[in-house]
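Down below is the structure, laid out as structure tokens.
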Amino acid sequence: MDSSTQSTSSSSTKSSSSNPVESKSAENSKSALLDVSSKFLKQKHEEFVLGLEKNKETFEYYASEHLRMSGVYWGCMAMALMKSLDKMDKEKIVAWVLQCQHSNGGFSGNINHDPHLLYTLSAVQILCLFDSLHLINPEKTAQYVCSLGRDDGSFIGDEWGEVDTRFSYCALNTLALLGKLDQIDVAKTAHFVSLCRNFDGGFGAVPGAESHSGQIFCCVGALAIADALHYVDSGVLGWWLCERQLPCGGLNGRPEKKEDVCYSWWVLSSLSMLKKLSWIDKNKLIDFILNCQDDKSGGISDRPGNMADVFHTYFGIAGLSLLGCNDFEIIDPVFALPVSTVQKLKLPQRYSLD
């Protein structure tokens with residue numbers, strides 16, 4: 001089915017009486033959130049993140065060399081949401097980020113690697129976190145982002161030409177953070193994203209591709225930045241997203257897959273943008289995330305008993321923030337930055353802690 005012909009008005013016509021999820025959400029909203037303060041291992045998680053740079057003689061360190069920029073963003077965001085960003089070495093991190101910028105304005109995943117849109121967004125986000133965006137030429141970086149746009153409104157990630165809605169989100173987010181959204185045809189970009197919508201309300205990487213929670217975040221986030229959420233059927237998509245919660249409390253990325261802590265971000269951020277966080281059992285998810293903590297070395301893993309890493313540590317903490325747990329900075333589900341940072345940049349806020 002051509003998604004451009006699908007109705008976008010059903011979300012406004014759905015009623016709680018016709019949707020059993022609405023009834024469940026009312027039940028969930030009455031339950032008090034679990035107090036995580038005694039169970040969340042903040043000090044151990046801080047030590048885990050701070051120790052990542054020191055532990056350089058491992059296979060994982062070298063295997064992840066090409067995506068170090070994203071790893072630094074994940075670590076910085078984990079610390080920021082724990083209100084501990086001041087424990088990070090700002091000057092060293094910012095200097096390294098600037099070394100990863102290329103003459104075309106883009107950023108690479110590490111020094112001496114090729115520039116890519118994914119790492120350009122992570123670099124700009126890191127600079128925003130440390131109030132250091134003024135250290136780069138926003139026009140130059142914006143020109144790099146714009147150079148990756150195609151005539152149909154899609155974006156490629158780098159010079160090699162892969163099209164993916166992840167890159168649509170990266171382009172819109174980067175340009176919004178730089179204050180340069182006016183340099184692209186935002187409406188055309190949003191229309192391409194809308195063509196990637198499926199019959200189940202979800203979105204894929206390209207038109208016709210399978211719905212996936214990660215891609216849904218990118219597409220809903222892109223449409224939110226483009227002020228084009230009318231392309232989303234919030235009722236159908238909200239239902240699909242809340243069905244990602246499994247009996248263990250964790251969330252999966254698509255049907256018939258295992259639970260994974262990272263979807264505490266990919267699913268919840270989309271539900272937050274759709275103002276449907278109450279459609280899941282928050283306390284069961286909180287329990288699942290806390291059970292994925294490493295109580296010896298710190299950090300959070302994909303599921304209980306597995307090895308912790310910075311990727312799942314950040315997204316687990318981001319999930320707790322979105323769920324409204326105390327003692328965490330509130331994260332903006334659209335820009336994937338603390339709300340306080342988004343406010344400094346004077347960007348619109350579209351989040352809900354219902």
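Residue numbering restarts at 1 for every chain of the structure tokens, chains are lettered A, B, ... in their displayed order, and ligands are numbered from 1 as they appear.
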So that each row is one residue of range 250-338 of chain A with an atom at most 8 Å from range 67-79 of chain A, can you give its shortest atom pair and the distance in Å to one decimal, using only C-alpha atoms, rows by chain and rising number, as JSON lines?
{"residue": "A:Val310", "atom": "CA", "partner": "A:Gly75", "partner_atom": "CA", "distance": 6.1}
{"residue": "A:Phe311", "atom": "CA", "partner": "A:Trp74", "partner_atom": "CA", "distance": 6.1}
{"residue": "A:Thr313", "atom": "CA", "partner": "A:Ala78", "partner_atom": "CA", "distance": 6.9}
{"residue": "A:Tyr314", "atom": "CA", "partner": "A:Ala78", "partner_atom": "CA", "distance": 4.6}
{"residue": "A:Phe315", "atom": "CA", "partner": "A:Ala78", "partner_atom": "CA", "distance": 7.9}
{"residue": "A:Ile317", "atom": "CA", "partner": "A:Ala78", "partner_atom": "CA", "distance": 6.5}
{"residue": "A:Ala318", "atom": "CA", "partner": "A:Ala78", "partner_atom": "CA", "distance": 7.5}
{"residue": "A:Leu337", "atom": "CA", "partner": "A:Met77", "partner_atom": "CA", "distance": 7.3}
Legend entry - Contact residues around range 53-66 of chain A with only C-alpha atoms at 8 Å, ignoring same-chain residues under 3 positions, as a ChimeraX atom specification: /A:50,109-110,113
So which bits of range 40-220 of chain A end up strand (DSSP E or B) when you DSSP the backbone, as a PDB file with N, CA and C atoms, in the first residue's frame?
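Below is the file that was written, selection.pdb:
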ATOM      1  N   GLN A 101      36.644  16.749  12.982  1.00  0.00           N
ATOM      2  CA  GLN A 101      35.950  17.478  11.924  1.00  0.00           C
ATOM      3  C   GLN A 101      36.823  17.546  10.673  1.00  0.00           C
ATOM      4  N   PHE A 107      31.808  15.423  10.446  1.00  0.00           N
ATOM      5  CA  PHE A 107      32.608  14.802  11.496  1.00  0.00           C
ATOM      6  C   PHE A 107      32.665  13.294  11.269  1.00  0.00           C
ATOM      7  N   SER A 108      33.786  12.716  11.665  1.00  0.00           N
ATOM      8  CA  SER A 108      33.951  11.267  11.549  1.00  0.00           C
ATOM      9  C   SER A 108      33.808  10.613  12.917  1.00  0.00           C
ATOM     10  N   PRO A 115      34.186  11.158   7.233  1.00  0.00           N
ATOM     11  CA  PRO A 115      33.015  11.824   7.824  1.00  0.00           C
ATOM     12  C   PRO A 115      31.728  11.082   7.481  1.00  0.00           C
ATOM     13  N   GLY A 149      21.664  15.527   0.929  1.00  0.00           N
ATOM     14  CA  GLY A 149      20.257  15.438   0.572  1.00  0.00           C
ATOM     15  C   GLY A 149      20.074  15.065  -0.890  1.00  0.00           C
ATOM     16  N   PHE A 155      17.947  11.315   2.504  1.00  0.00           N
ATOM     17  CA  PHE A 155      19.340  11.667   2.788  1.00  0.00           C
ATOM     18  C   PHE A 155      20.194  10.406   2.756  1.00  0.00           C
ATOM     19  N   ILE A 156      21.429  10.568   2.288  1.00  0.00           N
ATOM     20  CA  ILE A 156      22.407   9.495   2.356  1.00  0.00           C
ATOM     21  C   ILE A 156      23.320   9.782   3.538  1.00  0.00           C
ATOM     22  N   VAL A 163      20.822   5.150   1.448  1.00  0.00           N
ATOM     23  CA  VAL A 163      19.649   5.912   1.883  1.00  0.00           C
ATOM     24  C   VAL A 163      19.016   5.192   3.066  1.00  0.00           C
ATOM     25  N   ARG A 197       6.078   4.790   5.805  1.00  0.00           N
ATOM     26  CA  ARG A 197       5.099   4.295   6.772  1.00  0.00           C
ATOM     27  C   ARG A 197       4.436   3.031   6.242  1.00  0.00           C
ATOM     28  N   PHE A 203       7.297   2.452  10.789  1.00  0.00           N
ATOM     29  CA  PHE A 203       8.121   2.986   9.710  1.00  0.00           C
ATOM     30  C   PHE A 203       9.341   2.096   9.523  1.00  0.00           C
TER      31      PHE A 203
END
Inset, instruction - Apply DSSP to the backbone of this structure and, from range 77-261 of chain A, keep only the residues in alpha helix (DSSP H); write these as a count of residues only. - result: 83
Inset, instruction - Compare A:Asn173, A:Ser213, A:Asn112, A:Ser278 by their minimum atom-to-atom distance to Asn252 in chain A, counting only C-alpha atoms, and give me the closest one. - result: A:Ser213
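From CA of Glu159 in chain A back to CA of Ser147 in chain A, the distance works out to 9.3 Å.
Among the candidates A:Ile289, A:Leu133, A:Ile216, A:Val236, the one nearest to Arg254 in chain A when counting only C-alpha atoms is A:Ile216.
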Legend entry - Who sits within 12 Å of Ala336 in chain A, only C-alpha atoms, same chain under 5 positions skipped, as a PyMOL selection string: chain A and resi 73-74+76-78+80-81+121-122+124-126+128-129+169-170+173-174+177+217-218+221-222+225+265-266+268-270+273+314-315+318-319+321-322+329-331+341-342+349-351
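With distances restricted to only C-alpha atoms, A:Ser154 is the closest residue to Cys196 in chain A from A:Ser272, A:Ser154, A:Ser103, A:Ser234.
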Extract, using only C-alpha atoms, all DNA, RNA and protein residues at most 7 Å from Arg303 in chain A, discarding same-chain residues fewer than 2 positions from it, and format them as a PDB file with N, CA, C and O atoms, in the first residue's frame.
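Written output follows (part_28.pdb):
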ATOM      1  N   ASP A 260      15.105  -6.138  25.033  1.00  0.00           N
ATOM      2  CA  ASP A 260      16.433  -5.520  25.038  1.00  0.00           C
ATOM      3  C   ASP A 260      16.295  -4.131  25.663  1.00  0.00           C
ATOM      4  O   ASP A 260      15.401  -3.365  25.305  1.00  0.00           O
ATOM      5  N   VAL A 261      17.212  -3.833  26.586  1.00  0.00           N
ATOM      6  CA  VAL A 261      17.154  -2.551  27.297  1.00  0.00           C
ATOM      7  C   VAL A 261      17.154  -1.350  26.355  1.00  0.00           C
ATOM      8  O   VAL A 261      16.528  -0.327  26.648  1.00  0.00           O
ATOM      9  N   CYS A 292      18.894  -5.352  34.854  1.00  0.00           N
ATOM     10  CA  CYS A 292      19.967  -5.463  33.860  1.00  0.00           C
ATOM     11  C   CYS A 292      21.251  -4.771  34.322  1.00  0.00           C
ATOM     12  O   CYS A 292      22.236  -4.722  33.584  1.00  0.00           O
ATOM     13  N   SER A 301      23.293  -3.860  30.917  1.00  0.00           N
ATOM     14  CA  SER A 301      23.387  -4.758  29.758  1.00  0.00           C
ATOM     15  C   SER A 301      22.072  -4.805  29.002  1.00  0.00           C
ATOM     16  O   SER A 301      21.081  -4.184  29.405  1.00  0.00           O
ATOM     17  N   GLY A 305      21.992 -10.503  33.338  1.00  0.00           N
ATOM     18  CA  GLY A 305      23.049 -11.502  33.305  1.00  0.00           C
ATOM     19  C   GLY A 305      24.073 -11.340  32.203  1.00  0.00           C
ATOM     20  O   GLY A 305      25.100 -12.025  32.211  1.00  0.00           O
ATOM     21  N   ASN A 306      23.829 -10.451  31.251  1.00  0.00           N
ATOM     22  CA  ASN A 306      24.770 -10.247  30.149  1.00  0.00           C
ATOM     23  C   ASN A 306      25.776  -9.151  30.486  1.00  0.00           C
ATOM     24  O   ASN A 306      25.639  -8.445  31.486  1.00  0.00           O
TER      25      ASN A 306
END
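Considering the residues A:Phe328, A:Leu277, A:Ile184, A:Gly51 and counting only C-alpha atoms, Ser340 in chain A has its shortest atom-to-atom contact with A:Phe328.
Across the structure, CA of Gly324 in chain A and CA of Ala308 in chain A are spaced 23.2 Å apart.
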